[in-house]
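Here the structure comes first, spelled out in structure tokens, and everything after it is commentary.
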Amino acid sequence: MDSENILLNVQYDVGDKAVNINPEYISIKSETDTKVYIDNPSVQGKVVKSIYYYNIENQKVNLGYSEEQGKFYITELDVQYASENNGLTDLYYYEAVRYYLILHFEYIEGVSMDIRVVGESGLNSTRFDYGESLKATVNVEGVVPESVKWYTDGNLVFNPNKIKLNAGQYVLKCVITYNDGYTDISIDKSVTITIVPITLTVTQIGETFTYNGTDQVPTFTVAGFLDGDQNLYEIIYPEPSVNAGDYVVTINSKSVNYVLKTNTYSYKIEKQKITITLDNKSSKIGEALAQLTYTVSGTLYDELNIQPSANILSTLAGVYAITASYTQNSNYDVTVVTGKYTLLSADSSGSGGGAGGDDSSGGNEGGNTNTPSGGDSSSEDDNHNSGSNAESKNPTNGGKNDVQLVVYIAIIVGGLTVIVAIISLVSYIRNKD
């Protein structure tokens, strides 16, 4: 073959006979390395697996295939084995040898679809994080699709190369359409994908407060939102949040695209601690009782109606306890430090007054029954009044003092008590007169 051009009429084989389907006249130069690529035909919607012909010796010869081009090709060697002209007269090329070639096709049997969905990692998966841009592709074997469409839960996806979905589970469906030579046929395949919501990070500022009479709550920072999605949450505080106790705050996401590890966050308001210290006091029999006073350490935000008191027998010298009553309030942890009231005899040279108590009792309310040192045991009703908190018993008679002295001498002999002597001196000065 030394002509400059070879004219080749290509016929496609359909079924069991050769017919002209889009016959082509191909010009091939006479260099042996020349390749003429042909568009791979699809017949009845089928995909060509191989193309072959029978040479003049009736031998089956496969055409070459270029992976780079994705096409089959014809070379001069193929033409040499083809039939020359074979009576075709409708060629208008001059100075050329005329050949024709009947090409036969092998098709991929059946139709298969392979769906791939990849996220930003580039890995094929069915589980992705919210915010990822997804790309969906389909590999079809057996037919050549004329159209490819994607749907998510029935909604058309306009750009399968950039799919963005809210968190949730979706059915991603691909529908291809091809023509079998007579009509359009549609087939589809689906895959279920899951879009995982983002877990937010919550930081609580303030977990413990001390009662101060006002509403107190912690603050929160919520992080992890994508750009444009900030503040998609709500905080529900308990109302009111004033009294001492344990409280719970609820934080809810306002979007399906975000979740929290927990929706509840705890805090507490502790009781205000105060200490009531009763001041020490003293006086002599016959003098007016000293006014009872106290000091409070800690901060009072409510009126507790503190009332100091002491049960004092005004005619009996001794040391009496000073305590205090107050209105119970669950917002306070109260400690009472008792004081001492020293009642001196009329002829005592001791000085009155004193500061600070040295005994304490936590949360006491009301006065105590007191027994003075060195005296008889006696009791009176609780007295919650400030100032002189016991009846003053200091009568006078003709300007002369009454003096009573009782001396008891007891001797225990053989288990029997014998009163040896009783000496009583009553109103000595008055009797003397």
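Residues in the structure tokens are named by chain (A, B, ... in the order shown) and by number from 1 within that chain; ligands are numbered from 1 in the order shown.
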Notebook entry, point to check: A:Lys149: which residues within 10 Å, counting only C-alpha atoms, same-chain residues fewer than 4 positions away excluded, as a list of chain:residue names?
Noted result: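 What passes the distance filter is A:Leu156, A:Val157, A:Phe158, A:Asn159, A:Pro160, A:Lys173, A:Cys174, A:Val175, A:Ile176, A:Thr177, A:Asp188.
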Self-check item: Polymer residues at most 12 Å from A:Asn252, only C-alpha atoms, same-chain spacing of 2 or more positions, as an MDAnalysis selection string
Solution: chainID A and resid 200 202 222 231:237 249:250 254:256 258:265
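The gap separating atom CA of A:Lys273 from atom CA of A:Gln291 is 26.2 Å, in Å to one decimal.
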Expressed in Å, the length from atom CA of A:Ser348 to atom CA of A:Lys281 is 15.5 Å
What's around A:Ile198 at 9 Å? Count only C-alpha atoms, leave out sequence neighbours fewer than 3 positions away in its own chain, and write the answer as a VMD selection string. chain A and resid 129 to 131 167 224 to 225 257 to 260
- Write down as a ChimeraX atom specification the residues of stretch 47-285 of chain A whose backbone DSSP state falls under helix (DSSP H, G or I). /A:76-80
Practice problem: Mind listing the strand (DSSP E) residues of stretch 78-305 of chain A, per DSSP on the backbone, as a ChimeraX atom specification? | Solution: /A:83-84,96-107,112-118,127-129,135-141,147-152,155-157,168-179,184-196,198-205,208-210,219-223,233-236,245-253,258-260,264-270,272-278,281-284,294-297
List the spatial neighbours of A:Gly122 as an mmCIF file with N, CA and C atoms, in the first residue's frame - criterion: any atom at most 12 Å away, only C-alpha atoms, same-chain residues fewer than 6 positions off excluded.
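Below is the file out19.cif, written as the result:
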data_model
loop_
_atom_site.group_PDB
_atom_site.id
_atom_site.type_symbol
_atom_site.label_atom_id
_atom_site.label_comp_id
_atom_site.auth_asym_id
_atom_site.auth_seq_id
_atom_site.Cartn_x
_atom_site.Cartn_y
_atom_site.Cartn_z
ATOM 1 N N ARG A 116 -20.507 6.321 44.481
ATOM 2 C CA ARG A 116 -19.463 6.740 45.425
ATOM 3 C C ARG A 116 -19.818 8.118 45.971
ATOM 4 N N PHE A 128 -20.759 11.252 57.414
ATOM 5 C CA PHE A 128 -20.008 12.492 57.260
ATOM 6 C C PHE A 128 -20.403 13.471 58.361
ATOM 7 N N GLU A 132 -19.515 19.333 55.951
ATOM 8 C CA GLU A 132 -18.683 18.827 54.869
ATOM 9 C C GLU A 132 -19.382 19.006 53.532
ATOM 10 N N SER A 133 -18.593 19.321 52.518
ATOM 11 C CA SER A 133 -19.104 19.384 51.160
ATOM 12 C C SER A 133 -18.897 18.015 50.522
ATOM 13 N N LEU A 134 -19.993 17.389 50.092
ATOM 14 C CA LEU A 134 -19.938 16.033 49.570
ATOM 15 C C LEU A 134 -19.951 16.031 48.043
ATOM 16 N N LYS A 135 -19.340 15.001 47.484
ATOM 17 C CA LYS A 135 -19.317 14.818 46.040
ATOM 18 C C LYS A 135 -19.815 13.419 45.729
ATOM 19 N N ALA A 136 -20.823 13.331 44.853
ATOM 20 C CA ALA A 136 -21.407 12.042 44.495
ATOM 21 C C ALA A 136 -21.074 11.726 43.039
#
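Atom pair atom CA of A:Asn331 / atom CA of A:Pro238: separated by 17.4 Å.
Considering the residues A:Gly206, A:Val48, A:Leu172, A:Thr201 and counting only C-alpha atoms, A:Glu141 has its shortest atom-to-atom contact with A:Val48.
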